[in-house]
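K.L.:
Please read through the structure below; I'll follow up with questions.
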Amino acid sequence: MEGLLFLTFATIAVLCAINLVLQTHPISSALSLIGVLGSVAVLYLLLGGEFIAAVQLIVYAGAIMVLFVFVIMLLNTGAEKRPTRKVLVTWISLPLLFTFIALAAMLIGAQVPRTETVTFGGFAGGTTLSVGRALFTQYLLPFEITSILILIAILGAVVLARKEI
Amino acid sequence: MNFFIVSLIKTGIVAAVLLTTLAYLQWIERKVLAHIQLRPGPYRVGPHGLLQPLADVIKLVTKEGVIPPYAHTLFYLLAPILAVSIALTAIVAIPFGPQVTVFGVTTNMGLADLNIGILFILAISSLGVYGVALGGWASNSKYPLLGGLRSSAQMISYELPLALAIVAPLLIMNTLNFRDITIAQGGYWLGFIPKWNVFAGPFPQIFSFIIFLIASFAETNRVPFDLPEAESELVGGFHTEYSSMGFASFFMAEYANIVTVCCVGTVLFLGGWQPLWPAAYGSDLAPVVIHFAAAAMFFYHGANALKTRRWDRFSFPVFGVLFLALGGLFLVPILKPVLIPLFWFLAKALFLVFLFIWIRGTLPRFRYDQLMRFAWTFLFPVAVANLLVTAFLVAVTSK
């Protein structure tokens, strides 16, 4: 059951990601990105990270992507114009990309030691309780530093957007 | 396998009841608004217009669905489907009653018992904006575009106070599970004040409840925050170009969102299925008394029917008998554990729905800058202050 769900949503995520790159219209790309984020949320859920799954949907799909879509609609940009490519680029780019990915995977695989395989439901630290406990005890300093960073970003945005007096 | 069969049956029941409720909410809204404005409302189709929703459905299904020539066809067709499916999904997390045993099968009243119930609802409702925004943009026409843009800005702004208002009772409850939240609200202070979150210690969540209600009016695009579909300035807002089933889907989505928000408010603040006063003082008899009183009213008006309305002599007693039978159902011992919690849950949720309609009949619409100023300079700080006070008191008292 889990394997079937994993395959379905992993396929959807990959297809949406490919579609995101192939589409010429910004809205189609944005919607494909939402598809990717949603299916990745389901994958988190399958692995037992229920809190991360919900937050992924609320923050990325529900807030950040809404702003993306909002801006695309406001600017009302048309479809992207593809530049004409040289024959060599058209034929060589895909094989080169795959070679690069394969090489990177081989190198990483050689460096990182082999661990036991991931099992569905084997991870129990994804509940709201354990995530909250970890954030506010073990990782308190990174958490606080991140919040200060976000505060600085907000202040910067306000300063940049403020009208000159 | 048993789990799947029980889930299928429960889903079927909830889907049927929910879809009927959505159709009849339209009738209830028109009737309540009409009576607020001293007119009878829908009256022609069936007794007191009771068959009006059916007529509306037939009309909407058989109308021609027009696609504007310059619309983005794919997104134009996708938007209403997205809106209605997301709106209907949210209902799965709501618990309607406690664990019950029916025909030897023990099951929860409600579809899914999620550990992250409230986060699930927030996630689903934050996706709901895409239907509206996409529908407005894909129509490729000025009024829908303005409506869609207003809607996305408004929903992002009001999601913050909404989430902050939801967090405050969660601090007291210490769980995100709707079922646990409701169970924790059982019992009474001094034997008669219910331990609902609006009356809860250490800090009564009445302010959170009011902020939650205000923000949810904006989230569901209702008066006084209905700028995305303001009829007098934007024709119909984001759904101006939609006809037939597309229009119907947007309408269903709006009503489904209202139902979900009212159910969430009931569970979080009004104690879910917990009765208003203890069963020891006869709270189990409340539904019986209400139904019998309605039956008595029907019999009285049937007996004293006007000369010009001879048909009432027969129709009113029929409804009276119907209400007698409904009230009698609450006295059957086998049905009692199912029906009594359901009655209290629905009574509270439908009261909130009534509040939505009541306010629509009372308040005028906000101006756009007022709407944004209200959210960011009043509602948001008040929600933060409320959250801080609650957190402080919870931290001090929970030793």
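Naming works like this for the structure tokens: A, B, ... for the chains as they're shown, residue 1 at the start of each chain, ligands 1 onward in shown order.
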Which chain B residues have any atom within 9 Å of an atom of chain A, and for each, what is the nearest pair of atoms with distance in Å to one decimal, counting only C-alpha atoms, rows sorted by chain and number, as CSV?
P.N.:
residue,atom,partner,partner_atom,distance
B:Phe75,CA,A:Ser28,CA,8.7
B:Asn115,CA,A:Thr127,CA,8.1
B:Ile116,CA,A:Phe51,CA,7.1
B:Leu119,CA,A:Ala54,CA,5.9
B:Phe120,CA,A:Ala54,CA,6.2
B:Leu122,CA,A:Ile58,CA,6.7
B:Ala123,CA,A:Ile58,CA,4.6
B:Ile124,CA,A:Ile58,CA,7.9
B:Ser125,CA,A:Gly62,CA,8.3
B:Ser126,CA,A:Gly62,CA,4.7
B:Leu127,CA,A:Gly62,CA,5.2
B:Gly128,CA,A:Gly62,CA,8.4
B:Val129,CA,A:Val66,CA,7.7
B:Tyr130,CA,A:Val66,CA,7.3
B:Ala133,CA,A:Phe70,CA,7.9
B:Leu134,CA,A:Val69,CA,8.6
B:Trp137,CA,A:Met73,CA,6.6
B:Leu145,CA,A:Met73,CA,8.1
B:Gly148,CA,A:Phe70,CA,8.9
B:Leu149,CA,A:Phe70,CA,6.7
B:Ser152,CA,A:Phe70,CA,7.0
B:Ala153,CA,A:Phe70,CA,8.0
B:Ile156,CA,A:Ala63,CA,6.9
B:Thr175,CA,A:Leu129,CA,8.7
B:Leu176,CA,A:Thr128,CA,8.3
K.L.:
Keeping only C-alpha atoms, write the selected residues to a file as a compact mmCIF listing (two decimals), in the first residue's frame.
P.N.:
# COMPACT_ATOMS: atom_id res chain seq x y z
CA PHE B 75 -7.27 27.08 -16.36
CA ASN B 115 -3.22 13.83 14.70
CA ILE B 116 -2.70 17.07 12.82
CA LEU B 119 -3.02 21.81 10.53
CA PHE B 120 -4.77 19.77 7.84
CA LEU B 122 -5.30 25.19 7.64
CA ALA B 123 -3.35 23.58 4.79
CA ILE B 124 -6.45 22.76 2.77
CA SER B 125 -8.04 26.16 3.31
CA SER B 126 -4.82 27.94 2.32
CA LEU B 127 -4.99 26.08 -1.01
CA GLY B 128 -8.58 27.24 -1.52
CA VAL B 129 -7.43 30.63 -2.79
CA TYR B 130 -6.10 29.09 -6.03
CA ALA B 133 -7.50 33.54 -8.09
CA LEU B 134 -7.12 31.23 -11.08
CA TRP B 137 -7.30 35.40 -14.01
CA LEU B 145 -9.21 39.75 -12.57
CA GLY B 148 -9.27 37.34 -8.07
CA LEU B 149 -6.49 39.76 -7.06
CA SER B 152 -5.72 36.50 -2.91
CA ALA B 153 -4.55 39.65 -1.10
CA ILE B 156 -3.26 36.06 2.72
CA THR B 175 -3.10 18.79 21.20
CA LEU B 176 -3.85 19.29 17.50
K.L.:
Tell me, counting only C-alpha atoms, for each residue of stretch 335-394 of chain B within 7 Å of stretch 241-265 of chain B, which pair of atoms is nearest and how far apart they are in Å to one decimal, in rows ordered by chain and increasing number, as CSV.
P.N.:
residue,atom,partner,partner_atom,distance
B:Ala349,CA,B:Cys262,CA,5.3
B:Leu352,CA,B:Cys262,CA,5.7
B:Val353,CA,B:Cys262,CA,6.3
K.L.:
Just give me the gap between atom CA of A:Gln23 and atom CA of B:Ala71 in Å, one decimal is fine.
P.N.:
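Answer for the atom CA of A:Gln23 to atom CA of B:Ala71 separation: 18.0 Å.
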K.L.:
Quick one: residues within 8 Å of stretch 221-223 of chain B, only C-alpha atoms, excluding same-chain residues fewer than 6 positions away - as a PyMOL selection string?
P.N.:
chain B and resi 151+229+254+356+359-360+363-365
K.L.:
Take the residues from that selection and write them out as an mmCIF file, in the first residue's frame, keeping N, CA and C atoms.
P.N.:
data_model
loop_
_atom_site.group_PDB
_atom_site.id
_atom_site.type_symbol
_atom_site.label_atom_id
_atom_site.label_comp_id
_atom_site.auth_asym_id
_atom_site.auth_seq_id
_atom_site.Cartn_x
_atom_site.Cartn_y
_atom_site.Cartn_z
ATOM 1 N N SER B 151 -9.138 38.860 -3.859
ATOM 2 C CA SER B 151 -9.332 37.667 -3.041
ATOM 3 C C SER B 151 -8.006 37.149 -2.521
ATOM 4 N N GLU B 229 -16.251 39.515 -4.674
ATOM 5 C CA GLU B 229 -17.421 39.322 -5.536
ATOM 6 C C GLU B 229 -18.441 40.442 -5.345
ATOM 7 N N GLU B 254 -18.119 28.012 -1.936
ATOM 8 C CA GLU B 254 -18.286 29.049 -0.920
ATOM 9 C C GLU B 254 -19.077 28.534 0.274
ATOM 10 N N PHE B 356 -23.539 33.885 10.216
ATOM 11 C CA PHE B 356 -22.982 34.353 8.943
ATOM 12 C C PHE B 356 -24.064 35.059 8.122
ATOM 13 N N ILE B 359 -25.305 38.396 9.780
ATOM 14 C CA ILE B 359 -24.399 39.523 9.579
ATOM 15 C C ILE B 359 -24.476 40.008 8.142
ATOM 16 N N ARG B 360 -24.690 39.073 7.188
ATOM 17 C CA ARG B 360 -24.848 39.511 5.800
ATOM 18 C C ARG B 360 -26.057 40.435 5.671
ATOM 19 N N LEU B 363 -24.752 44.124 8.016
ATOM 20 C CA LEU B 363 -23.627 45.040 7.850
ATOM 21 C C LEU B 363 -23.404 45.399 6.384
ATOM 22 N N PRO B 364 -22.967 46.641 6.120
ATOM 23 C CA PRO B 364 -22.562 47.017 4.769
ATOM 24 C C PRO B 364 -21.137 46.546 4.486
ATOM 25 N N ARG B 365 -20.688 46.685 3.235
ATOM 26 C CA ARG B 365 -19.377 46.183 2.834
ATOM 27 C C ARG B 365 -18.272 47.166 3.216
#
K.L.:
Check stretch 26-157 of chain A with DSSP on the backbone and list each residue it calls alpha helix (DSSP H), as a PyMOL selection string.
P.N.:
chain A and resi 26-46+50-55+65-75+87-111+128-136+140-157
K.L.:
Go ahead and dump the residues you just picked, C-alpha atoms, as a PDB file, in the first residue's frame.
P.N.:
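part.pdb, freshly written:
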ATOM      1  CA  PRO A  26       4.523  31.339 -16.121  1.00  0.00           C
ATOM      2  CA  ILE A  27       1.135  30.376 -14.626  1.00  0.00           C
ATOM      3  CA  SER A  28       1.465  26.784 -15.882  1.00  0.00           C
ATOM      4  CA  SER A  29       4.944  26.590 -14.384  1.00  0.00           C
ATOM      5  CA  ALA A  30       3.720  28.005 -11.066  1.00  0.00           C
ATOM      6  CA  LEU A  31       0.867  25.479 -10.926  1.00  0.00           C
ATOM      7  CA  SER A  32       3.283  22.634 -11.724  1.00  0.00           C
ATOM      8  CA  LEU A  33       5.473  23.809  -8.859  1.00  0.00           C
ATOM      9  CA  ILE A  34       2.438  23.621  -6.566  1.00  0.00           C
ATOM     10  CA  GLY A  35       1.941  20.057  -7.822  1.00  0.00           C
ATOM     11  CA  VAL A  36       5.563  19.230  -6.947  1.00  0.00           C
ATOM     12  CA  LEU A  37       5.225  20.758  -3.461  1.00  0.00           C
ATOM     13  CA  GLY A  38       1.949  18.922  -2.826  1.00  0.00           C
ATOM     14  CA  SER A  39       3.295  15.511  -3.846  1.00  0.00           C
ATOM     15  CA  VAL A  40       6.472  16.035  -1.820  1.00  0.00           C
ATOM     16  CA  ALA A  41       4.198  16.812   1.162  1.00  0.00           C
ATOM     17  CA  VAL A  42       2.521  13.417   0.634  1.00  0.00           C
ATOM     18  CA  LEU A  43       5.971  11.764   0.540  1.00  0.00           C
ATOM     19  CA  TYR A  44       6.825  13.406   3.887  1.00  0.00           C
ATOM     20  CA  LEU A  45       3.539  12.087   5.247  1.00  0.00           C
ATOM     21  CA  LEU A  46       4.380   8.558   4.054  1.00  0.00           C
ATOM     22  CA  GLU A  50       3.168  14.620   9.489  1.00  0.00           C
ATOM     23  CA  PHE A  51       4.029  18.046  10.897  1.00  0.00           C
ATOM     24  CA  ILE A  52       6.527  18.781   8.115  1.00  0.00           C
ATOM     25  CA  ALA A  53       3.958  17.664   5.518  1.00  0.00           C
ATOM     26  CA  ALA A  54       1.306  20.057   6.847  1.00  0.00           C
ATOM     27  CA  VAL A  55       3.766  22.940   7.162  1.00  0.00           C
ATOM     28  CA  MET A  65       3.156  30.208  -4.156  1.00  0.00           C
ATOM     29  CA  VAL A  66       0.054  32.380  -3.729  1.00  0.00           C
ATOM     30  CA  LEU A  67       2.374  35.405  -3.779  1.00  0.00           C
ATOM     31  CA  PHE A  68       4.095  34.036  -6.921  1.00  0.00           C
ATOM     32  CA  VAL A  69       0.761  33.553  -8.661  1.00  0.00           C
ATOM     33  CA  PHE A  70      -0.374  36.961  -7.414  1.00  0.00           C
ATOM     34  CA  VAL A  71       2.649  38.686  -8.958  1.00  0.00           C
ATOM     35  CA  ILE A  72       2.342  36.762 -12.240  1.00  0.00           C
ATOM     36  CA  MET A  73      -1.314  37.797 -12.492  1.00  0.00           C
ATOM     37  CA  LEU A  74      -0.568  41.432 -11.646  1.00  0.00           C
ATOM     38  CA  LEU A  75       2.156  41.698 -14.285  1.00  0.00           C
ATOM     39  CA  VAL A  87      21.916  22.201 -33.503  1.00  0.00           C
ATOM     40  CA  LEU A  88      24.846  21.095 -31.389  1.00  0.00           C
ATOM     41  CA  VAL A  89      23.243  22.425 -28.166  1.00  0.00           C
ATOM     42  CA  THR A  90      19.903  20.745 -28.940  1.00  0.00           C
ATOM     43  CA  TRP A  91      21.477  17.315 -29.460  1.00  0.00           C
ATOM     44  CA  ILE A  92      24.189  17.334 -26.821  1.00  0.00           C
ATOM     45  CA  SER A  93      22.503  19.012 -23.835  1.00  0.00           C
ATOM     46  CA  LEU A  94      20.332  16.108 -22.614  1.00  0.00           C
ATOM     47  CA  PRO A  95      23.050  13.395 -22.774  1.00  0.00           C
ATOM     48  CA  LEU A  96      25.454  15.788 -21.028  1.00  0.00           C
ATOM     49  CA  LEU A  97      22.916  16.469 -18.276  1.00  0.00           C
ATOM     50  CA  PHE A  98      22.330  12.760 -17.654  1.00  0.00           C
ATOM     51  CA  THR A  99      26.076  12.063 -17.610  1.00  0.00           C
ATOM     52  CA  PHE A 100      26.523  14.832 -15.052  1.00  0.00           C
ATOM     53  CA  ILE A 101      23.735  13.498 -12.816  1.00  0.00           C
ATOM     54  CA  ALA A 102      25.083   9.936 -13.063  1.00  0.00           C
ATOM     55  CA  LEU A 103      28.621  11.071 -12.216  1.00  0.00           C
ATOM     56  CA  ALA A 104      27.410  13.128  -9.262  1.00  0.00           C
ATOM     57  CA  ALA A 105      25.314  10.201  -7.980  1.00  0.00           C
ATOM     58  CA  MET A 106      28.303   7.827  -8.326  1.00  0.00           C
ATOM     59  CA  LEU A 107      30.634  10.179  -6.468  1.00  0.00           C
ATOM     60  CA  ILE A 108      28.173  10.832  -3.648  1.00  0.00           C
ATOM     61  CA  GLY A 109      27.383   7.111  -3.416  1.00  0.00           C
ATOM     62  CA  ALA A 110      31.108   6.326  -3.085  1.00  0.00           C
ATOM     63  CA  GLN A 111      31.660   8.970  -0.387  1.00  0.00           C
ATOM     64  CA  THR A 128       4.212  17.935  16.254  1.00  0.00           C
ATOM     65  CA  LEU A 129       5.289  17.121  19.803  1.00  0.00           C
ATOM     66  CA  SER A 130       8.725  15.751  18.911  1.00  0.00           C
ATOM     67  CA  VAL A 131       9.425  18.418  16.274  1.00  0.00           C
ATOM     68  CA  GLY A 132       8.524  21.149  18.772  1.00  0.00           C
ATOM     69  CA  ARG A 133      10.605  19.556  21.520  1.00  0.00           C
ATOM     70  CA  ALA A 134      13.640  19.246  19.243  1.00  0.00           C
ATOM     71  CA  LEU A 135      13.270  22.845  18.015  1.00  0.00           C
ATOM     72  CA  PHE A 136      13.021  24.391  21.464  1.00  0.00           C
ATOM     73  CA  LEU A 140      17.179  26.369  20.090  1.00  0.00           C
ATOM     74  CA  LEU A 141      20.139  28.477  18.922  1.00  0.00           C
ATOM     75  CA  PRO A 142      19.701  27.807  15.151  1.00  0.00           C
ATOM     76  CA  PHE A 143      15.960  28.361  15.598  1.00  0.00           C
ATOM     77  CA  GLU A 144      16.462  31.763  17.252  1.00  0.00           C
ATOM     78  CA  ILE A 145      19.099  32.786  14.723  1.00  0.00           C
ATOM     79  CA  THR A 146      16.702  31.915  11.889  1.00  0.00           C
ATOM     80  CA  SER A 147      13.940  33.999  13.445  1.00  0.00           C
ATOM     81  CA  ILE A 148      16.289  36.990  13.807  1.00  0.00           C
ATOM     82  CA  LEU A 149      17.310  36.515  10.178  1.00  0.00           C
ATOM     83  CA  ILE A 150      13.642  36.590   9.117  1.00  0.00           C
ATOM     84  CA  LEU A 151      13.067  39.708  11.247  1.00  0.00           C
ATOM     85  CA  ILE A 152      15.985  41.433   9.497  1.00  0.00           C
ATOM     86  CA  ALA A 153      14.533  40.401   6.126  1.00  0.00           C
ATOM     87  CA  ILE A 154      11.138  41.869   7.063  1.00  0.00           C
ATOM     88  CA  LEU A 155      12.732  45.140   8.174  1.00  0.00           C
ATOM     89  CA  GLY A 156      14.750  45.249   4.958  1.00  0.00           C
ATOM     90  CA  ALA A 157      11.595  44.729   2.913  1.00  0.00           C
TER      91      ALA A 157
END
K.L.:
Excluding stretch 224-228 of chain B and its own-chain neighbours fewer than 2 positions away, which residues fall within 12 Å of it when counting only C-alpha atoms? Please give them as a CSV table (one decimal) with C-alpha atoms, in the first residue's frame.
P.N.:
chain,number,residue,atom,x,y,z
B,129,VAL,CA,-7.4,30.6,-2.8
B,132,VAL,CA,-10.7,31.9,-6.9
B,133,ALA,CA,-7.5,33.5,-8.1
B,135,GLY,CA,-10.8,31.6,-12.0
B,136,GLY,CA,-10.5,35.4,-12.0
B,143,TYR,CA,-13.9,42.4,-13.3
B,144,PRO,CA,-12.9,38.8,-12.6
B,145,LEU,CA,-9.2,39.7,-12.6
B,146,LEU,CA,-9.9,42.5,-10.0
B,147,GLY,CA,-11.9,40.0,-7.9
B,148,GLY,CA,-9.3,37.3,-8.1
B,149,LEU,CA,-6.5,39.8,-7.1
B,150,ARG,CA,-8.5,41.2,-4.2
B,151,SER,CA,-9.3,37.7,-3.0
B,152,SER,CA,-5.7,36.5,-2.9
B,153,ALA,CA,-4.5,39.7,-1.1
B,154,GLN,CA,-7.4,39.4,1.4
B,155,MET,CA,-7.0,35.7,2.1
B,158,TYR,CA,-6.6,37.4,7.1
B,213,LEU,CA,-15.1,34.7,13.4
B,214,ILE,CA,-14.0,38.0,11.9
B,215,ALA,CA,-11.1,36.4,10.0
B,216,SER,CA,-13.2,33.5,8.8
B,217,PHE,CA,-15.8,36.0,7.4
B,218,ALA,CA,-12.9,37.3,5.3
B,219,GLU,CA,-11.5,33.9,4.4
B,220,THR,CA,-14.9,32.7,3.1
B,221,ASN,CA,-15.4,36.0,1.1
B,222,ARG,CA,-18.6,36.9,3.0
B,230,ALA,CA,-18.8,42.7,-4.7
B,231,GLU,CA,-21.9,42.8,-7.0
B,232,SER,CA,-22.3,46.6,-7.0
B,233,GLU,CA,-18.8,47.3,-8.3
B,234,LEU,CA,-17.4,44.1,-9.9
B,235,VAL,CA,-20.6,42.6,-11.3
B,236,GLY,CA,-19.9,39.2,-9.8
B,237,GLY,CA,-16.2,39.4,-9.1
B,238,PHE,CA,-14.1,36.4,-9.9
B,239,HIS,CA,-17.0,34.3,-11.2
B,240,THR,CA,-18.5,37.0,-13.5
B,254,GLU,CA,-18.3,29.0,-0.9
B,356,PHE,CA,-23.0,34.4,8.9
B,357,ILE,CA,-26.3,35.0,7.2
B,358,TRP,CA,-27.5,37.4,10.0
B,359,ILE,CA,-24.4,39.5,9.6
B,360,ARG,CA,-24.8,39.5,5.8
B,361,GLY,CA,-28.3,41.0,6.4
B,362,THR,CA,-27.0,43.6,8.8
B,363,LEU,CA,-23.6,45.0,7.9
B,364,PRO,CA,-22.6,47.0,4.8
B,365,ARG,CA,-19.4,46.2,2.8
B,366,PHE,CA,-15.9,47.5,3.8
B,367,ARG,CA,-13.9,49.7,1.5
B,368,TYR,CA,-10.8,48.0,0.2
B,369,ASP,CA,-8.3,50.2,2.2
B,370,GLN,CA,-10.4,49.8,5.3
B,371,LEU,CA,-10.3,46.1,4.9
B,372,MET,CA,-6.5,46.0,4.7
B,374,PHE,CA,-8.4,46.7,9.7
B,375,ALA,CA,-6.5,43.4,9.2
K.L.:
List the neighbours of stretch 198-207 of chain B out to 10 Å using only C-alpha atoms; skip same-chain residues closer than 6 positions along the sequence, and give me the result as a list in words.
P.N.:
Ala165, Ile166, Ala168, Pro169, Ile172, Met173, Gln185, Trp189, Leu213, Leu268, Phe269, Leu270, Gly271, Val382, Ala383, Asn386, Leu387, Val389, Thr390, Ala391, Phe392, Leu393, Val394, Ala395, Val396, Thr397 and Ser398 of chain B
K.L.:
Any idea what's packed within 12 Å of B:Pro69, counting only C-alpha atoms, ignoring anything in its chain fewer than 6 positions away? Could you give it as a list of chain:residue names?
P.N.:
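Returned residues: B:Tyr76, B:Ala138, B:Ser139, B:Asn140, B:Ser141, B:Glu241.
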K.L.:
So the first atom is atom CA of B:Val288 and the second is atom CA of B:Phe330; what is the distance between them in Å, to one decimal place?
P.N.:
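Atom CA of B:Val288 sits 6.2 Å away from atom CA of B:Phe330.
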K.L.:
Rounded to one decimal in Å, what is the spacing between atom CA of B:Gly320 and atom CA of B:Leu51?
P.N.:
18.7 Å
